[in-house]
Every structure is written in C-alpha cells, then in structure tokens.
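Written out below as structure tokens is the structure these notes cover.
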Amino acid sequence: MSEKEKKNDLGVLKINNEVIASIARNAALQVDGVESVKRGILSLVFDLFSKGYHNKGISLDISESEVKIGVTIVVRYGVTIPDVSALVQENIRTAIEEMTGLSVSEVNVNIADIHAEESEN
C-alpha cells in the first residue's frame, strides 16, 4: 500500500507513505541528541526480509487499524541512548497521530552509529 486512505462525509483523504515517513523523520530530528536519520546495515537487512514501505532510514508497516514505524538514527556522543530513544519514540508517535489521525502501535528505534565531535588541534 503506497498511501493510507480515510473516508468521511465530504470525501476521501489520502496520505502518501512518503508524507508519513517525512513526519517521522522530522520528529526524530527534533529530539536533542539525534544527529541524523539514516539507512544503516541493520535496516538494509530488515528491508530485504520485511514488507511495507522503506526509505532513508524509515520503515512503515501500515494496516487498516494501525501504523508500525521503524527508524534508524545516529546519536551524538555522550547522550544517554535509552533516554534519547524513548524521546524519539514518543515524538514520532505524537507527531504522526496528531498530524494524520492514524493510530501508531509501535515505534522501533535502531541506533546505527554514534557521532563524535572532532577535536580541533
């Protein structure tokens, strides 16, 4: 499925998967400690063996009643990874539910790398 469709009294609303992925990507990047969203080795393997939408570090599995999201991120060195991951999960869930009205059942976070500041010598 390349888009999620919702019907109401006035007609049909179609939300393309790229829009949902863009919301998830932007929500993840708003979390302090997240350097980037990227496609890591684990997400490449996941993409090969799973169905659904996959693009640039975001994967979506959309059914009639729920959305499952996977995101691969690079975090800044020195952050507490479980705390950043929990904030990413909450930020993505909230953004997608508020902006699209879709129900998010899972947000799975994969840490692909740690970005260390290069020292100036």
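By convention here, the chains of the structure tokens are called A, B, ... in the order presented, each chain's residues are numbered starting at 1, and ligands are numbered starting at 1 in the order presented.
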Can you pull out every residue within 8 Å of range 61-76 of chain A, counting only C-alpha atoms, but drop anything in the same chain fewer than 3 positions away, and send it as JSON, numbers by chain? {"A": [1, 4, 24, 25, 33, 34, 35, 36, 37, 38, 39, 40, 43, 51, 52, 53, 57, 58, 79, 81, 102, 103, 104, 105, 106, 107, 108, 109, 110, 111, 112, 113, 114, 115, 116]}
Could those selected residues go to a file with N, CA and C atoms, as a tab-separated table (two decimals), in the first residue's frame?
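Full text of selection.tsv as output:
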```tsv
chain	number	residue	atom	x	y	z
A	1	MET	N	0.85	-1.17	0.00
A	1	MET	CA	0.00	0.00	0.00
A	1	MET	C	0.90	1.24	0.00
A	4	LYS	N	-2.28	5.81	2.78
A	4	LYS	CA	-3.36	5.48	3.73
A	4	LYS	C	-4.56	6.33	3.36
A	24	ALA	N	7.77	11.31	10.47
A	24	ALA	CA	8.58	10.53	11.41
A	24	ALA	C	10.03	11.02	11.42
A	25	ARG	N	10.59	11.27	10.24
A	25	ARG	CA	11.98	11.74	10.13
A	25	ARG	C	12.15	13.08	10.83
A	33	GLY	N	20.07	15.33	20.71
A	33	GLY	CA	20.92	14.15	20.79
A	33	GLY	C	20.89	13.32	19.52
A	34	VAL	N	19.89	13.55	18.65
A	34	VAL	CA	19.81	12.85	17.37
A	34	VAL	C	20.55	13.67	16.32
A	35	GLU	N	21.58	13.08	15.74
A	35	GLU	CA	22.37	13.76	14.71
A	35	GLU	C	21.75	13.62	13.33
A	36	SER	N	21.26	12.41	13.02
A	36	SER	CA	20.68	12.19	11.70
A	36	SER	C	19.81	10.94	11.71
A	37	VAL	N	19.00	10.82	10.67
A	37	VAL	CA	18.24	9.61	10.39
A	37	VAL	C	18.88	9.04	9.14
A	38	LYS	N	19.30	7.79	9.23
A	38	LYS	CA	19.98	7.23	8.06
A	38	LYS	C	19.69	5.76	7.91
A	39	ARG	N	20.02	5.28	6.76
A	39	ARG	CA	19.84	3.87	6.46
A	39	ARG	C	21.10	3.13	6.89
A	40	GLY	N	20.97	2.30	7.90
A	40	GLY	CA	22.10	1.53	8.41
A	40	GLY	C	22.08	0.12	7.86
A	43	SER	N	19.08	-1.86	8.96
A	43	SER	CA	17.83	-1.51	8.27
A	43	SER	C	17.83	-2.06	6.85
A	51	LYS	N	7.94	-6.65	4.62
A	51	LYS	CA	7.08	-5.98	3.66
A	51	LYS	C	6.80	-4.57	4.17
A	52	GLY	N	6.21	-3.77	3.33
A	52	GLY	CA	5.89	-2.42	3.74
A	52	GLY	C	6.74	-1.39	3.01
A	53	TYR	N	6.75	-0.20	3.54
A	53	TYR	CA	7.44	0.94	2.94
A	53	TYR	C	8.78	1.17	3.64
A	57	GLY	N	16.06	5.32	6.02
A	57	GLY	CA	16.10	5.10	7.45
A	57	GLY	C	14.75	5.01	8.14
A	58	ILE	N	13.67	5.08	7.38
A	58	ILE	CA	12.32	4.97	7.94
A	58	ILE	C	11.62	3.79	7.27
A	79	VAL	N	25.33	11.20	24.87
A	79	VAL	CA	23.92	11.18	25.28
A	79	VAL	C	23.60	9.83	25.91
A	81	ILE	N	21.59	6.85	25.54
A	81	ILE	CA	20.88	6.27	24.40
A	81	ILE	C	19.45	5.84	24.74
A	102	LEU	N	-3.84	8.90	12.36
A	102	LEU	CA	-3.59	7.47	12.35
A	102	LEU	C	-3.14	7.01	13.73
A	103	SER	N	-3.42	5.77	14.08
A	103	SER	CA	-3.01	5.21	15.36
A	103	SER	C	-1.66	4.52	15.20
A	104	VAL	N	-0.69	4.91	16.02
A	104	VAL	CA	0.65	4.32	15.97
A	104	VAL	C	0.76	3.28	17.07
A	105	SER	N	1.01	2.02	16.68
A	105	SER	CA	1.10	0.94	17.67
A	105	SER	C	2.53	0.64	18.08
A	106	GLU	N	3.51	0.92	17.22
A	106	GLU	CA	4.91	0.66	17.53
A	106	GLU	C	5.80	1.71	16.88
A	107	VAL	N	6.86	2.09	17.61
A	107	VAL	CA	7.94	2.88	17.04
A	107	VAL	C	9.23	2.20	17.49
A	108	ASN	N	9.88	1.52	16.56
A	108	ASN	CA	11.10	0.79	16.86
A	108	ASN	C	12.30	1.62	16.44
A	109	VAL	N	13.25	1.80	17.36
A	109	VAL	CA	14.42	2.65	17.11
A	109	VAL	C	15.66	1.78	17.00
A	110	ASN	N	16.40	1.99	15.93
A	110	ASN	CA	17.67	1.30	15.70
A	110	ASN	C	18.78	2.36	15.74
A	111	ILE	N	19.77	2.17	16.62
A	111	ILE	CA	20.91	3.09	16.69
A	111	ILE	C	21.97	2.57	15.73
A	112	ALA	N	22.24	3.31	14.66
A	112	ALA	CA	23.17	2.88	13.64
A	112	ALA	C	24.61	3.30	13.94
A	113	ASP	N	24.77	4.42	14.66
A	113	ASP	CA	26.11	4.94	14.88
A	113	ASP	C	26.06	6.02	15.96
A	114	ILE	N	27.26	6.38	16.41
A	114	ILE	CA	27.42	7.49	17.35
A	114	ILE	C	28.31	8.51	16.69
A	115	HIS	N	27.87	9.76	16.69
A	115	HIS	CA	28.63	10.84	16.08
A	115	HIS	C	29.45	11.55	17.16
A	116	ALA	N	30.76	11.49	17.04
A	116	ALA	CA	31.64	12.16	18.00
A	116	ALA	C	32.15	13.46	17.39
```
request  = Write out as a ChimeraX atom specification all residues of chain A that backbone DSSP assigns to strand (DSSP E).
outcome  = /A:3-8,11-16,34-37,53-55,58-62,67-76,104-115
Between A:Glu97, A:Glu3, A:Glu90, A:Glu118, which is the closest to Gln30 in chain A once you count only C-alpha atoms?
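Nearest candidate to Gln30 in chain A out of A:Glu97, A:Glu3, A:Glu90, A:Glu118: A:Glu90.
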Exercise for the section: Enumerate as a ChimeraX atom specification all residues of chain A assigned to alpha helix (DSSP H) by DSSP on the backbone, naming them with the chain letters and numbers the document uses. Expected result: /A:17-29,41-49,81-100
